[in-house]
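Here is final_35.tsv, consisting of TSV, C-alpha atoms:
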```tsv
chain	number	residue	atom	x	y	z
M	8	ARG	CA	0.00	0.00	0.00
M	9	TYR	CA	1.33	3.40	-0.92
M	10	ARG	CA	0.05	6.93	-0.54
M	11	ASP	CA	-2.63	6.77	-3.25
M	12	GLY	CA	-3.78	3.17	-3.02
M	13	VAL	CA	-2.26	-0.23	-3.77
M	14	LEU	CA	0.37	-1.38	-6.25
M	15	ILE	CA	0.23	-5.09	-7.03
M	16	ALA	CA	2.95	-6.71	-9.11
M	17	GLY	CA	4.14	-10.05	-10.38
M	18	ASP	CA	6.93	-11.52	-12.45
M	19	ARG	CA	6.18	-13.26	-15.74
M	20	ARG	CA	7.74	-16.73	-15.30
M	21	ALA	CA	5.70	-19.93	-15.31
M	22	THR	CA	7.51	-23.11	-14.27
M	23	MET	CA	6.92	-26.86	-14.16
M	24	GLY	CA	9.26	-28.19	-11.52
M	25	ASN	CA	12.69	-26.89	-12.44
M	26	VAL	CA	11.70	-26.24	-16.07
M	27	VAL	CA	10.82	-22.75	-17.30
M	28	VAL	CA	7.64	-23.24	-19.34
M	29	TYR	CA	6.85	-19.64	-20.26
M	30	ASP	CA	8.37	-16.24	-19.55
M	31	ARG	CA	5.44	-14.00	-20.43
M	32	ALA	CA	2.71	-15.36	-18.17
M	33	ASP	CA	0.09	-12.99	-16.78
M	34	LYS	CA	0.09	-13.31	-13.01
M	35	VAL	CA	-1.79	-10.11	-12.16
M	36	LEU	CA	-5.37	-10.03	-13.41
M	37	SER	CA	-8.07	-7.39	-13.24
M	38	ILE	CA	-11.23	-9.04	-11.90
M	39	ASP	CA	-13.59	-6.06	-12.12
M	40	ASP	CA	-13.45	-2.26	-11.96
M	41	ASP	CA	-12.28	-2.23	-8.34
M	42	ALA	CA	-10.39	-5.48	-7.74
M	43	VAL	CA	-7.19	-7.17	-8.88
M	44	MET	CA	-5.83	-10.63	-8.09
M	45	ALA	CA	-2.21	-11.76	-8.17
M	46	LEU	CA	-1.74	-15.47	-8.82
M	47	ALA	CA	0.68	-17.90	-7.22
M	48	GLY	CA	0.62	-21.67	-7.48
M	49	SER	CA	-0.74	-23.91	-10.21
M	50	PRO	CA	-1.32	-21.70	-13.30
M	51	ALA	CA	-4.18	-23.79	-14.72
M	52	VAL	CA	-6.15	-23.78	-11.46
M	53	ALA	CA	-5.30	-20.14	-10.70
M	54	TYR	CA	-6.59	-18.93	-14.08
M	55	GLU	CA	-9.77	-20.97	-13.68
M	56	ILE	CA	-10.41	-19.50	-10.22
M	57	ALA	CA	-9.84	-15.99	-11.60
M	58	ARG	CA	-12.28	-16.66	-14.45
M	59	LEU	CA	-14.96	-18.02	-12.10
M	60	LEU	CA	-14.44	-15.07	-9.79
M	61	GLU	CA	-14.92	-12.58	-12.61
M	62	ILE	CA	-18.05	-14.39	-13.83
M	63	SER	CA	-19.49	-14.42	-10.30
M	64	PHE	CA	-19.01	-10.67	-9.93
M	65	GLN	CA	-20.61	-10.01	-13.31
M	66	HIS	CA	-23.55	-12.31	-12.60
M	67	TYR	CA	-24.28	-10.59	-9.29
M	68	ARG	CA	-24.12	-7.14	-10.88
M	69	ARG	CA	-26.47	-8.10	-13.71
M	70	SER	CA	-28.94	-10.09	-11.61
M	71	GLN	CA	-29.06	-7.75	-8.60
M	72	LEU	CA	-28.51	-4.49	-10.51
M	73	GLN	CA	-25.81	-3.44	-8.07
M	74	VAL	CA	-22.15	-4.06	-7.46
M	75	LEU	CA	-21.16	-6.83	-5.07
M	76	SER	CA	-19.76	-5.57	-1.77
M	77	LEU	CA	-16.10	-6.03	-0.91
M	78	ASP	CA	-17.03	-8.56	1.79
M	79	GLY	CA	-19.06	-10.47	-0.76
M	80	LYS	CA	-16.14	-10.58	-3.19
M	81	LEU	CA	-13.83	-11.87	-0.48
M	82	ARG	CA	-16.28	-14.63	0.48
M	83	ILE	CA	-16.67	-15.82	-3.10
M	84	LEU	CA	-12.90	-16.14	-3.53
M	85	SER	CA	-12.68	-17.92	-0.19
M	86	ARG	CA	-15.29	-20.45	-1.30
M	87	LEU	CA	-13.53	-21.08	-4.63
M	88	LEU	CA	-10.25	-21.78	-2.82
M	89	ARG	CA	-11.98	-24.08	-0.34
M	90	ASP	CA	-13.61	-25.99	-3.20
M	91	ASN	CA	-10.12	-26.43	-4.67
M	92	LEU	CA	-8.79	-28.12	-1.53
M	93	PRO	CA	-8.77	-31.70	-2.97
M	94	LEU	CA	-6.38	-30.64	-5.75
M	95	ALA	CA	-4.28	-28.63	-3.32
M	96	MET	CA	-3.96	-31.64	-0.99
M	97	GLN	CA	-2.73	-33.75	-3.91
M	98	GLY	CA	0.09	-31.26	-4.41
M	99	ILE	CA	-0.88	-30.45	-8.00
M	100	GLY	CA	-3.34	-27.58	-7.71
M	101	ALA	CA	-2.56	-25.30	-4.77
M	102	VAL	CA	-3.32	-21.60	-5.33
M	103	ILE	CA	-2.32	-18.87	-2.87
M	104	PRO	CA	-3.54	-15.53	-4.29
M	105	ILE	CA	-3.35	-11.92	-3.21
M	106	PHE	CA	-6.53	-9.89	-3.67
M	107	ALA	CA	-6.37	-6.09	-3.79
M	108	ALA	CA	-9.38	-3.81	-3.96
M	109	PHE	CA	-10.43	-0.23	-3.36
M	110	ASP	CA	-12.86	0.09	-0.47
M	111	GLU	CA	-15.21	2.92	-1.46
M	112	GLN	CA	-16.74	3.14	2.01
M	113	GLU	CA	-13.39	3.74	3.71
M	114	GLU	CA	-11.89	5.38	0.61
M	115	GLU	CA	-8.66	3.42	0.67
M	116	GLY	CA	-6.95	0.53	-1.06
M	117	LYS	CA	-6.84	-2.78	0.79
M	118	ILE	CA	-4.82	-5.98	0.47
M	119	PHE	CA	-6.04	-9.47	1.36
M	120	PHE	CA	-4.30	-12.84	1.27
M	121	TYR	CA	-5.52	-16.40	1.69
M	122	ASP	CA	-4.41	-19.85	2.76
M	123	VAL	CA	-5.24	-23.04	0.85
M	124	LEU	CA	-8.39	-23.54	2.96
M	125	GLY	CA	-9.75	-20.16	1.89
M	126	ALA	CA	-9.21	-18.29	5.15
M	127	THR	CA	-9.03	-14.55	4.49
M	128	PHE	CA	-6.54	-12.17	6.10
M	129	GLU	CA	-6.14	-8.44	5.60
M	130	SER	CA	-2.62	-7.11	5.27
M	131	VAL	CA	-2.25	-3.56	6.53
M	132	ASP	CA	1.02	-2.57	4.88
M	133	PHE	CA	2.21	-5.15	2.33
M	134	CYS	CA	1.89	-8.78	1.31
M	135	THR	CA	3.91	-11.31	-0.66
M	136	THR	CA	3.10	-14.73	-2.10
M	137	GLY	CA	4.76	-17.30	-4.32
M	138	SER	CA	8.04	-19.16	-4.15
M	139	GLY	CA	10.17	-16.01	-4.06
M	140	SER	CA	8.09	-14.25	-1.43
M	141	GLN	CA	10.03	-15.34	1.64
M	142	ILE	CA	13.23	-13.94	0.16
M	143	ILE	CA	11.93	-10.38	0.13
M	144	ARG	CA	9.42	-10.40	2.98
M	145	GLY	CA	11.99	-9.49	5.61
M	146	SER	CA	13.39	-6.70	3.46
M	147	LEU	CA	9.92	-5.23	2.98
M	148	TYR	CA	9.28	-5.32	6.72
M	149	TYR	CA	12.59	-3.61	7.40
M	150	LEU	CA	12.01	-0.86	4.85
M	151	ASN	CA	8.44	-0.22	6.00
M	152	ARG	CA	9.25	-0.32	9.72
M	153	TRP	CA	12.67	1.31	9.95
M	154	GLU	CA	13.17	3.38	6.80
M	155	ARG	CA	10.03	5.04	5.46
M	156	PRO	CA	6.47	3.64	5.78
M	157	PHE	CA	5.06	2.56	2.44
M	158	ALA	CA	1.84	4.50	3.13
M	159	GLU	CA	3.88	7.74	2.99
M	160	ARG	CA	5.56	6.96	-0.34
M	161	ASP	CA	4.46	8.38	-3.67
M	162	GLU	CA	3.98	6.18	-6.72
M	163	ASP	CA	7.44	6.73	-8.20
M	164	ASP	CA	9.11	5.68	-4.97
M	165	ALA	CA	6.82	2.66	-4.58
M	166	LEU	CA	7.44	1.55	-8.16
M	167	ARG	CA	11.20	1.65	-7.75
M	168	LEU	CA	10.86	-0.39	-4.58
M	169	ILE	CA	8.73	-3.01	-6.34
M	170	VAL	CA	11.22	-3.37	-9.17
M	171	LYS	CA	14.10	-3.84	-6.72
M	172	MET	CA	12.22	-6.45	-4.70
M	173	LEU	CA	11.24	-8.49	-7.78
M	174	GLU	CA	14.84	-8.47	-8.98
M	175	THR	CA	16.01	-9.57	-5.53
M	176	ALA	CA	13.53	-12.46	-5.49
M	177	ALA	CA	14.59	-13.50	-9.01
M	178	GLU	CA	18.23	-13.57	-7.98
M	179	TYR	CA	17.66	-16.28	-5.38
M	180	ASP	CA	14.53	-18.09	-6.62
M	181	THR	CA	14.58	-19.92	-9.95
M	182	ALA	CA	10.77	-19.84	-10.25
M	183	THR	CA	10.77	-16.03	-10.23
M	184	GLY	CA	11.57	-14.39	-13.54
M	185	GLY	CA	13.93	-11.42	-13.57
M	186	PHE	CA	14.14	-8.48	-15.93
M	187	LYS	CA	15.54	-9.27	-19.38
M	188	ALA	CA	16.54	-6.20	-21.35
M	189	THR	CA	17.34	-8.16	-24.52
M	190	ALA	CA	13.90	-9.78	-24.57
M	191	ALA	CA	12.07	-6.73	-23.17
M	192	ILE	CA	10.30	-8.83	-20.54
M	193	TYR	CA	8.94	-6.59	-17.80
M	194	PRO	CA	6.90	-7.50	-14.73
M	195	GLN	CA	3.22	-6.74	-14.50
M	196	VAL	CA	2.30	-3.87	-12.21
M	197	MET	CA	-1.24	-2.58	-11.61
M	198	ARG	CA	-2.44	0.28	-9.46
M	199	VAL	CA	-5.68	0.19	-7.49
M	200	THR	CA	-6.88	3.67	-6.52
M	201	GLY	CA	-10.07	5.65	-6.17
M	202	ASP	CA	-9.87	6.35	-9.91
M	203	GLY	CA	-10.08	2.64	-10.72
M	204	ILE	CA	-7.59	0.06	-11.94
M	205	THR	CA	-4.84	0.91	-14.39
M	206	THR	CA	-1.73	-0.85	-15.63
M	207	ILE	CA	1.72	0.68	-15.33
M	208	PRO	CA	2.96	0.96	-18.95
M	209	GLU	CA	6.04	-1.03	-19.92
M	210	ALA	CA	7.65	2.20	-21.18
M	211	GLU	CA	7.52	3.57	-17.63
M	212	LEU	CA	8.98	0.38	-16.23
M	213	ALA	CA	11.74	0.49	-18.85
M	214	THR	CA	12.69	3.98	-17.69
M	215	ILE	CA	12.89	2.80	-14.08
M	216	TYR	CA	15.07	-0.20	-14.97
M	217	ALA	CA	17.34	1.96	-17.09
M	218	ALA	CA	17.84	4.41	-14.22
M	219	LEU	CA	18.55	1.63	-11.72
M	220	ASN	CA	21.07	-0.13	-13.99
M	221	ARG	CA	23.21	2.87	-14.84
```
Could I get this structure in the form of C-alpha cells?
Amino acid sequence: RYRDGVLIAGDRRATMGNVVVYDRADKVLSIDDDAVMALAGSPAVAYEIARLLEISFQHYRRSQLQVLSLDGKLRILSRLLRDNLPLAMQGIGAVIPIFAAFDEQEEEGKIFFYDVLGATFESVDFCTTGSGSQIIRGSLYYLNRWERPFAERDEDDALRLIVKMLETAAEYDTATGGFKATAAIYPQVMRVTGDGITTIPEAELATIYAALNR
C-alpha cells in the first residue's frame, strides 16, 4: 500500500518443476473495476479461479442491478479456494492468491491474502506470495518499519521499490523471472486507486530499470 492506493505486481515466469515453461505469463489479473488478483501456485487452477471469480461478480451485478460488496467478493474467492482443496492436498493444484481492492466506504486501497483452505486475512502494509516471497518479505518489513512507511511513499518511490524487490527475489529463486533487457520482458504492475484500476505501462517500467542499472 502506498500513498494513493495499492500497487500489485508479479513476475512473468511460469515453471513446471525446475523447467521454465513460459516467460510471459500474466500473473496479475483485473477481476472487475475495483479489484485485482495476483496469482501464485498452479497456473491452470489459478486462471480458472480468476475466471470463475470474474463471472461471479458479473452475474451478481447483472442479476441484482448493483455491485457486489467487498465482503461479498472476499467470500466468493474464499469459497472457490476451499472448493479447490482436494487438488491442493494432492500437491498439484494449490493456489495462494493476493486480492487487492479499493474500499469505497473507507476510501482506501486494501490488500487481502488467503491460505489453501480459503481463510481470508487483511494485510495492513504489504503482502507477498509465491516461491520467491520469503526472500523479500523481511526486506519489505525492514524498509516499512525502519526506513520510510510505504503508506507515505508516492507512486514513483513505490514503483522503484517493487522493481528492486522483484529483482532480488529472481536472484535467489529460480521460479521467479527477472528483468531481461534483450527480450524486453517486464513485470506486470497494476495500481488500485479511487480512480479505478490501471496498468503501469512497460515504457515507464523500462525507464525505471534503465535508471537503476546505470
Could you name the residues that touch Gly201 in chain M at 9 Å or less, counting only C-alpha atoms, but leaving out those on the same chain fewer than 3 positions away, as a list in words?
Asp11, Gly12, Asp41, Phe109, Asp110, Glu111, Glu114, Glu115, Gly116 and Ile204 of chain M
Near-range 178-189 of chain M list (9 Å; all atoms listed in the file; drop same-chain fewer than 5 positions) as a PyMOL selection string
chain M and resi 17-27+30+137-139+142+170+173+194+213+216
List the neighbours of Leu212 in chain M out to 12 Å using all atoms listed in the file; skip same-chain residues closer than 6 positions along the sequence, and give me the result as a PyMOL selection string.
chain M and resi 16+163+166-171+186+188+191-197+206+218-219
What are the closest atom pairs, with distances in Å to one decimal, for each residue of range 62-138 of chain M lying within 8 Å of range 48-58 of chain M, using all atoms listed in the file, rows by chain and rising residue number, as CSV?
```
residue,atom,partner,partner_atom,distance
M:Ile62,CA,M:Arg58,CA,6.2
M:Leu84,CA,M:Ile56,CA,7.9
M:Leu87,CA,M:Ile56,CA,6.6
M:Leu88,CA,M:Ile56,CA,7.7
M:Ile99,CA,M:Ser49,CA,6.9
M:Gly100,CA,M:Ser49,CA,5.1
M:Ala101,CA,M:Gly48,CA,5.5
M:Val102,CA,M:Gly48,CA,4.5
M:Ile103,CA,M:Gly48,CA,6.1
M:Gly137,CA,M:Gly48,CA,6.8
```
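If all atoms listed in the file are the atoms counted, then among M:Val35, M:Ala176, M:Ala158, M:Val199 the closest residue to Ser140 in chain M is M:Ala176.
Going from CA of Asp122 in chain M to CA of Val74 in chain M covers 25.9 Å.
Between CA of Phe133 in chain M and CA of Lys117 in chain M there is a distance of 9.5 Å.
CA of Arg10 in chain M is positioned 21.0 Å from CA of Ile143 in chain M.
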Report, as AutoDock Vina command-line options, the axis-aligned box around all atoms of range 38-54 of chain M present in the file, extended by 4 Å on each side; give centre and edge lengths in Å to one decimal place.
```
--center_x -6.5 --center_y -13.1 --center_z -11.0 --size_x 22.3 --size_y 29.7 --size_z 15.5
```
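Counting only C-alpha atoms, the residue from M:Ile83, M:Val13, M:Leu72, M:Ala108 that sits nearest to Asp40 in chain M is M:Ala108.
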Which neighbours of Leu147 in chain M fall inside 9 Å, counting all atoms listed in the file, when residues of the same chain fewer than 5 positions from it are skipped, and could you give them as a JSON list (two decimals) with C-alpha atoms, in the frame of the given file?
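The result, stored in selection.json:
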```json
[["chain", "number", "residue", "atom", "x", "y", "z"],
["M", 133, "PHE", "CA", 2.21, -5.15, 2.33],
["M", 134, "CYS", "CA", 1.89, -8.78, 1.31],
["M", 152, "ARG", "CA", 9.25, -0.32, 9.72],
["M", 172, "MET", "CA", 12.22, -6.45, -4.70]]
```
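Distances here use all atoms listed in the file; by that measure, the residue among M:Thr200, M:Arg89, M:Thr175, M:Ala107 closest to Ser146 in chain M is M:Thr175.
For the set M:Thr214, M:Val43, M:Asp202, M:Tyr148, the residue with the smallest atom-to-atom gap to Val131 in chain M is M:Tyr148, counting all atoms listed in the file.
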Please fill the gaps in range 119-137 of chain M so it has N, CA, C and O atoms, and write that as a JSON list (two decimals), in the coordinates of the input.
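Everything below was put into part-v4.json:
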```json
[["chain", "number", "residue", "atom", "x", "y", "z"],
["M", 119, "PHE", "N", -5.61, -8.27, 0.65],
["M", 119, "PHE", "CA", -6.04, -9.47, 1.36],
["M", 119, "PHE", "C", -5.27, -10.68, 0.83],
["M", 119, "PHE", "O", -4.97, -10.74, -0.36],
["M", 120, "PHE", "N", -4.93, -11.61, 1.71],
["M", 120, "PHE", "CA", -4.30, -12.84, 1.27],
["M", 120, "PHE", "C", -5.02, -14.02, 1.90],
["M", 120, "PHE", "O", -5.78, -13.88, 2.86],
["M", 121, "TYR", "N", -4.77, -15.20, 1.33],
["M", 121, "TYR", "CA", -5.52, -16.40, 1.69],
["M", 121, "TYR", "C", -4.59, -17.57, 1.96],
["M", 121, "TYR", "O", -3.44, -17.58, 1.52],
["M", 122, "ASP", "N", -5.11, -18.57, 2.68],
["M", 122, "ASP", "CA", -4.41, -19.85, 2.76],
["M", 122, "ASP", "C", -5.15, -20.84, 1.87],
["M", 122, "ASP", "O", -6.16, -20.49, 1.24],
["M", 123, "VAL", "N", -4.66, -22.08, 1.78],
["M", 123, "VAL", "CA", -5.24, -23.04, 0.85],
["M", 123, "VAL", "C", -6.66, -23.45, 1.24],
["M", 123, "VAL", "O", -7.42, -23.96, 0.42],
["M", 124, "LEU", "N", -7.03, -23.22, 2.51],
["M", 124, "LEU", "CA", -8.39, -23.54, 2.96],
["M", 124, "LEU", "C", -9.38, -22.42, 2.67],
["M", 124, "LEU", "O", -10.57, -22.57, 2.90],
["M", 125, "GLY", "N", -8.87, -21.28, 2.21],
["M", 125, "GLY", "CA", -9.75, -20.16, 1.89],
["M", 125, "GLY", "C", -9.90, -19.15, 3.00],
["M", 125, "GLY", "O", -10.72, -18.23, 2.88],
["M", 126, "ALA", "N", -9.14, -19.29, 4.08],
["M", 126, "ALA", "CA", -9.21, -18.29, 5.15],
["M", 126, "ALA", "C", -8.68, -16.96, 4.63],
["M", 126, "ALA", "O", -7.68, -16.92, 3.92],
["M", 127, "THR", "N", -9.36, -15.87, 4.99],
["M", 127, "THR", "CA", -9.03, -14.55, 4.49],
["M", 127, "THR", "C", -8.35, -13.72, 5.57],
["M", 127, "THR", "O", -8.80, -13.70, 6.72],
["M", 128, "PHE", "N", -7.26, -13.04, 5.18],
["M", 128, "PHE", "CA", -6.54, -12.17, 6.10],
["M", 128, "PHE", "C", -6.28, -10.84, 5.42],
["M", 128, "PHE", "O", -5.92, -10.80, 4.24],
["M", 129, "GLU", "N", -6.46, -9.76, 6.16],
["M", 129, "GLU", "CA", -6.14, -8.44, 5.60],
["M", 129, "GLU", "C", -4.73, -8.04, 5.99],
["M", 129, "GLU", "O", -4.34, -8.16, 7.16],
["M", 130, "SER", "N", -3.98, -7.59, 5.03],
["M", 130, "SER", "CA", -2.62, -7.11, 5.27],
["M", 130, "SER", "C", -2.64, -5.59, 5.29],
["M", 130, "SER", "O", -3.07, -4.95, 4.33],
["M", 131, "VAL", "N", -2.17, -5.01, 6.37],
["M", 131, "VAL", "CA", -2.25, -3.56, 6.53],
["M", 131, "VAL", "C", -1.26, -2.82, 5.65],
["M", 131, "VAL", "O", -1.60, -1.82, 5.01],
["M", 132, "ASP", "N", -0.03, -3.31, 5.57],
["M", 132, "ASP", "CA", 1.02, -2.57, 4.88],
["M", 132, "ASP", "C", 1.48, -3.18, 3.56],
["M", 132, "ASP", "O", 1.61, -2.49, 2.56],
["M", 133, "PHE", "N", 1.72, -4.50, 3.54],
["M", 133, "PHE", "CA", 2.21, -5.15, 2.33],
["M", 133, "PHE", "C", 1.95, -6.64, 2.45],
["M", 133, "PHE", "O", 1.64, -7.16, 3.52],
["M", 134, "CYS", "N", 2.09, -7.34, 1.32],
["M", 134, "CYS", "CA", 1.89, -8.78, 1.31],
["M", 134, "CYS", "C", 2.70, -9.38, 0.18],
["M", 134, "CYS", "O", 2.88, -8.75, -0.86],
["M", 135, "THR", "N", 3.19, -10.60, 0.38],
["M", 135, "THR", "CA", 3.91, -11.31, -0.66],
["M", 135, "THR", "C", 3.38, -12.74, -0.74],
["M", 135, "THR", "O", 2.89, -13.29, 0.23],
["M", 136, "THR", "N", 3.48, -13.34, -1.93],
["M", 136, "THR", "CA", 3.10, -14.73, -2.10],
["M", 136, "THR", "C", 3.93, -15.33, -3.22],
["M", 136, "THR", "O", 4.55, -14.60, -4.00],
["M", 137, "GLY", "N", 3.96, -16.64, -3.30],
["M", 137, "GLY", "CA", 4.76, -17.30, -4.32],
["M", 137, "GLY", "C", 6.09, -17.78, -3.78],
["M", 137, "GLY", "O", 6.47, -17.49, -2.64]]
```
